[in-house]
Amino acid sequence: IPIVNEYGKIGFIDHCCNLVVPPIYDNIKGCFLSDEHIVAVSKNKKWTVLDSKGKELLPFEYSTIHPSRDSSIVSTQRFSKWQVVDIKSGKVIVEEGLYDYIDGFRYGFARVKKNGLWGVIKNDGKLVLPTEYLDLMDFYYNWDKPETRIRKSSIDTWQVVNLLTL
């Protein structure tokens, strides 16, 4: 459970109100829904990932981090280059710089952008929808459904794509 101190810093307590992480962070993304979950935290405009015990799982060197919904992987940005990292193994799934942008993962999929066009990758890094779409709605638009909407040009009509069929 996040807590905020009088100076606006963020820390964490457990379900028994014991302090787990002192309030030293500036911002947070995600929440601890269980002991298996992770959150992204920032301090001095740099981001890392914490486990539920407060252990830093990545170096404190990223300008942005998007944790996946299931807390297994993260999309990270460092030096304007994006990559995807498996949190448990530390293995890089998508190398830095392959895409201009990588969104957070939902249902095992993430939007990617390359040369101004959108596509979709799976959590193993495989491109399942080519980067050829002018518009591709983020997956948070349908919080409870594994789908998105795509169109190739501004005059095209939107098409619904079920992510689970990719």
# chains A, B, ... in the order shown; residues from 1 in each chain; ligands from 1
>>> select_by_dssp(residues="segment 4-67 of chain A", states="strand (DSSP E or B)", output="PyMOL selection string")
chain A and resi 4+10-13+19-25+27-29+39-43+46-50+56+62+64-67
>>> closest_atom_pairs(of="segment 36-123 of chain A", to="segment 7-23 of chain A", cutoff="12 Å", atoms="only C-alpha atoms", output="Markdown table")
| residue | atom | partner | partner_atom | distance |
| --- | --- | --- | --- | --- |
| A:Val39 | CA | A:Phe12 | CA | 10.7 |
| A:Ala40 | CA | A:Ile10 | CA | 11.7 |
| A:Val41 | CA | A:Ile10 | CA | 8.7 |
| A:Ser42 | CA | A:Ile10 | CA | 9.5 |
| A:Lys43 | CA | A:Lys9 | CA | 9.2 |
| A:Asn44 | CA | A:Lys9 | CA | 11.3 |
| A:Leu50 | CA | A:Val21 | CA | 9.6 |
| A:Asp51 | CA | A:Val21 | CA | 10.4 |
| A:Ser52 | CA | A:Val20 | CA | 8.2 |
| A:Lys53 | CA | A:Val20 | CA | 6.4 |
| A:Gly54 | CA | A:Val21 | CA | 5.6 |
| A:Lys55 | CA | A:Val21 | CA | 8.9 |
| A:Glu56 | CA | A:Val21 | CA | 10.8 |
>>> residues_around(residues="Pro146 of chain A", least_positions_apart="5", cutoff="8 Å", atoms="only C-alpha atoms", output="list in words")
Arg106, Tyr107, Phe139, Asn162, Leu163 and Leu164 of chain A
>>> closest_residue(among="A:Phe32, A:Tyr25, A:Tyr133, A:Tyr62", to="Gln83 of chain A", atoms="only C-alpha atoms")
A:Tyr62
>>> residues_around(residues="Ser75 of chain A", least_positions_apart="4", cutoff="9 Å", atoms="only C-alpha atoms", output="PyMOL selection string")
chain A and resi 64-68+82-85+94+102-105+110
>>> residues_around(residues="segment 120-125 of chain A", least_positions_apart="3", cutoff="8 Å", atoms="only C-alpha atoms", output="list in words")
Ile73, Val84, Ile93, Val94, Phe105, Gly108, Phe109, Ala110, Arg111, Val112, Val128, Leu129, Pro130 and Thr131 of chain A
>>> decode(residues="segment 32-138 of chain A", atoms="C-alpha atoms", output="PDB file, in the first residue's frame")
ATOM      1  CA  PHE A  32       0.993  -4.333  -5.322  1.00  0.00           C
ATOM      2  CA  LEU A  33      -2.066  -6.552  -5.770  1.00  0.00           C
ATOM      3  CA  SER A  34      -0.113  -9.487  -4.334  1.00  0.00           C
ATOM      4  CA  ASP A  35       3.422 -10.356  -3.222  1.00  0.00           C
ATOM      5  CA  GLU A  36       4.185 -11.284  -6.856  1.00  0.00           C
ATOM      6  CA  HIS A  37       3.440  -7.813  -8.227  1.00  0.00           C
ATOM      7  CA  ILE A  38       5.923  -5.045  -8.972  1.00  0.00           C
ATOM      8  CA  VAL A  39       5.673  -1.277  -9.194  1.00  0.00           C
ATOM      9  CA  ALA A  40       7.757   1.280 -11.039  1.00  0.00           C
ATOM     10  CA  VAL A  41       9.055   4.129  -8.884  1.00  0.00           C
ATOM     11  CA  SER A  42      11.004   7.286  -9.641  1.00  0.00           C
ATOM     12  CA  LYS A  43      13.488   9.365  -7.745  1.00  0.00           C
ATOM     13  CA  ASN A  44      15.253  12.408  -9.189  1.00  0.00           C
ATOM     14  CA  LYS A  45      13.569  11.781 -12.580  1.00  0.00           C
ATOM     15  CA  LYS A  46      14.986   8.245 -12.921  1.00  0.00           C
ATOM     16  CA  TRP A  47      12.908   5.057 -12.702  1.00  0.00           C
ATOM     17  CA  THR A  48      13.382   1.521 -11.425  1.00  0.00           C
ATOM     18  CA  VAL A  49      11.143  -1.404 -10.472  1.00  0.00           C
ATOM     19  CA  LEU A  50      10.479  -2.621  -6.911  1.00  0.00           C
ATOM     20  CA  ASP A  51       9.182  -5.968  -5.725  1.00  0.00           C
ATOM     21  CA  SER A  52       6.739  -6.140  -2.811  1.00  0.00           C
ATOM     22  CA  LYS A  53       9.648  -6.336  -0.329  1.00  0.00           C
ATOM     23  CA  GLY A  54      11.127  -3.068  -1.635  1.00  0.00           C
ATOM     24  CA  LYS A  55      14.017  -4.647  -3.557  1.00  0.00           C
ATOM     25  CA  GLU A  56      15.122  -2.731  -6.660  1.00  0.00           C
ATOM     26  CA  LEU A  57      14.963  -5.163  -9.590  1.00  0.00           C
ATOM     27  CA  LEU A  58      16.575  -2.955 -12.261  1.00  0.00           C
ATOM     28  CA  PRO A  59      19.231  -0.254 -12.180  1.00  0.00           C
ATOM     29  CA  PHE A  60      17.941   3.223 -11.323  1.00  0.00           C
ATOM     30  CA  GLU A  61      18.685   4.561 -14.817  1.00  0.00           C
ATOM     31  CA  TYR A  62      15.499   4.659 -16.880  1.00  0.00           C
ATOM     32  CA  SER A  63      13.620   7.778 -17.953  1.00  0.00           C
ATOM     33  CA  THR A  64      10.327   5.841 -18.230  1.00  0.00           C
ATOM     34  CA  ILE A  65       9.061   2.385 -17.248  1.00  0.00           C
ATOM     35  CA  HIS A  66       5.719   0.724 -18.074  1.00  0.00           C
ATOM     36  CA  PRO A  67       5.091  -2.370 -15.901  1.00  0.00           C
ATOM     37  CA  SER A  68       2.939  -5.083 -17.468  1.00  0.00           C
ATOM     38  CA  ARG A  69      -0.451  -5.783 -15.935  1.00  0.00           C
ATOM     39  CA  ASP A  70       0.750  -9.169 -14.660  1.00  0.00           C
ATOM     40  CA  SER A  71       4.086  -7.750 -13.391  1.00  0.00           C
ATOM     41  CA  SER A  72       6.180 -10.182 -15.445  1.00  0.00           C
ATOM     42  CA  ILE A  73       7.794  -7.743 -17.884  1.00  0.00           C
ATOM     43  CA  VAL A  74       8.424  -4.043 -18.287  1.00  0.00           C
ATOM     44  CA  SER A  75       8.872  -1.668 -21.201  1.00  0.00           C
ATOM     45  CA  THR A  76      11.732   0.703 -20.415  1.00  0.00           C
ATOM     46  CA  GLN A  77      13.158   3.828 -21.971  1.00  0.00           C
ATOM     47  CA  ARG A  78      16.772   4.887 -21.537  1.00  0.00           C
ATOM     48  CA  PHE A  79      18.593   7.471 -23.663  1.00  0.00           C
ATOM     49  CA  SER A  80      15.458   7.753 -25.872  1.00  0.00           C
ATOM     50  CA  LYS A  81      15.644   4.034 -26.712  1.00  0.00           C
ATOM     51  CA  TRP A  82      12.984   1.515 -25.706  1.00  0.00           C
ATOM     52  CA  GLN A  83      13.398  -2.136 -24.733  1.00  0.00           C
ATOM     53  CA  VAL A  84      11.432  -4.913 -23.004  1.00  0.00           C
ATOM     54  CA  VAL A  85      12.867  -6.775 -19.990  1.00  0.00           C
ATOM     55  CA  ASP A  86      11.671  -9.984 -18.306  1.00  0.00           C
ATOM     56  CA  ILE A  87      11.662  -9.069 -14.608  1.00  0.00           C
ATOM     57  CA  LYS A  88      12.198 -12.566 -13.170  1.00  0.00           C
ATOM     58  CA  SER A  89      15.168 -13.509 -15.361  1.00  0.00           C
ATOM     59  CA  GLY A  90      16.511 -10.041 -16.164  1.00  0.00           C
ATOM     60  CA  LYS A  91      16.630 -11.130 -19.819  1.00  0.00           C
ATOM     61  CA  VAL A  92      16.116  -8.502 -22.514  1.00  0.00           C
ATOM     62  CA  ILE A  93      13.195  -9.619 -24.701  1.00  0.00           C
ATOM     63  CA  VAL A  94      13.241  -6.689 -27.160  1.00  0.00           C
ATOM     64  CA  GLU A  95      16.602  -4.997 -27.734  1.00  0.00           C
ATOM     65  CA  GLU A  96      17.009  -1.269 -27.177  1.00  0.00           C
ATOM     66  CA  GLY A  97      16.241   0.866 -30.202  1.00  0.00           C
ATOM     67  CA  LEU A  98      14.254  -1.669 -32.250  1.00  0.00           C
ATOM     68  CA  TYR A  99      11.116   0.477 -31.820  1.00  0.00           C
ATOM     69  CA  ASP A 100      10.626   4.215 -31.319  1.00  0.00           C
ATOM     70  CA  TYR A 101       8.083   3.519 -28.566  1.00  0.00           C
ATOM     71  CA  ILE A 102       6.848   0.468 -26.647  1.00  0.00           C
ATOM     72  CA  ASP A 103       3.673   0.761 -24.594  1.00  0.00           C
ATOM     73  CA  GLY A 104       2.858  -1.201 -21.442  1.00  0.00           C
ATOM     74  CA  PHE A 105       1.743  -4.822 -21.855  1.00  0.00           C
ATOM     75  CA  ARG A 106      -1.860  -5.892 -21.358  1.00  0.00           C
ATOM     76  CA  TYR A 107      -3.176  -9.397 -22.054  1.00  0.00           C
ATOM     77  CA  GLY A 108       0.391 -10.248 -23.136  1.00  0.00           C
ATOM     78  CA  PHE A 109       0.474  -7.627 -25.910  1.00  0.00           C
ATOM     79  CA  ALA A 110       1.921  -4.120 -26.301  1.00  0.00           C
ATOM     80  CA  ARG A 111       1.622  -1.419 -28.914  1.00  0.00           C
ATOM     81  CA  VAL A 112       4.862  -0.485 -30.655  1.00  0.00           C
ATOM     82  CA  LYS A 113       5.686   2.463 -32.870  1.00  0.00           C
ATOM     83  CA  LYS A 114       8.325   2.591 -35.593  1.00  0.00           C
ATOM     84  CA  ASN A 115       8.819   5.376 -38.141  1.00  0.00           C
ATOM     85  CA  GLY A 116       5.503   6.942 -37.106  1.00  0.00           C
ATOM     86  CA  LEU A 117       3.413   3.797 -37.596  1.00  0.00           C
ATOM     87  CA  TRP A 118       1.894   1.435 -35.022  1.00  0.00           C
ATOM     88  CA  GLY A 119       1.960  -2.340 -34.616  1.00  0.00           C
ATOM     89  CA  VAL A 120       1.634  -4.923 -31.827  1.00  0.00           C
ATOM     90  CA  ILE A 121       4.123  -7.295 -30.186  1.00  0.00           C
ATOM     91  CA  LYS A 122       3.548 -10.258 -27.875  1.00  0.00           C
ATOM     92  CA  ASN A 123       5.273 -10.595 -24.511  1.00  0.00           C
ATOM     93  CA  ASP A 124       7.923 -12.803 -26.150  1.00  0.00           C
ATOM     94  CA  GLY A 125       8.881  -9.883 -28.436  1.00  0.00           C
ATOM     95  CA  LYS A 126       7.338 -11.349 -31.585  1.00  0.00           C
ATOM     96  CA  LEU A 127       5.680  -8.810 -33.886  1.00  0.00           C
ATOM     97  CA  VAL A 128       2.105 -10.016 -34.397  1.00  0.00           C
ATOM     98  CA  LEU A 129       0.580  -6.948 -36.062  1.00  0.00           C
ATOM     99  CA  PRO A 130       2.977  -5.172 -38.453  1.00  0.00           C
ATOM    100  CA  THR A 131       3.978  -1.546 -37.886  1.00  0.00           C
ATOM    101  CA  GLU A 132       1.837  -0.208 -40.707  1.00  0.00           C
ATOM    102  CA  TYR A 133      -1.082   1.505 -38.937  1.00  0.00           C
ATOM    103  CA  LEU A 134      -1.532   5.258 -38.645  1.00  0.00           C
ATOM    104  CA  ASP A 135      -3.778   4.776 -35.617  1.00  0.00           C
ATOM    105  CA  LEU A 136      -3.935   1.934 -33.114  1.00  0.00           C
ATOM    106  CA  MET A 137      -5.945   2.553 -29.935  1.00  0.00           C
ATOM    107  CA  ASP A 138      -4.203   1.732 -26.685  1.00  0.00           C
TER     108      ASP A 138
END
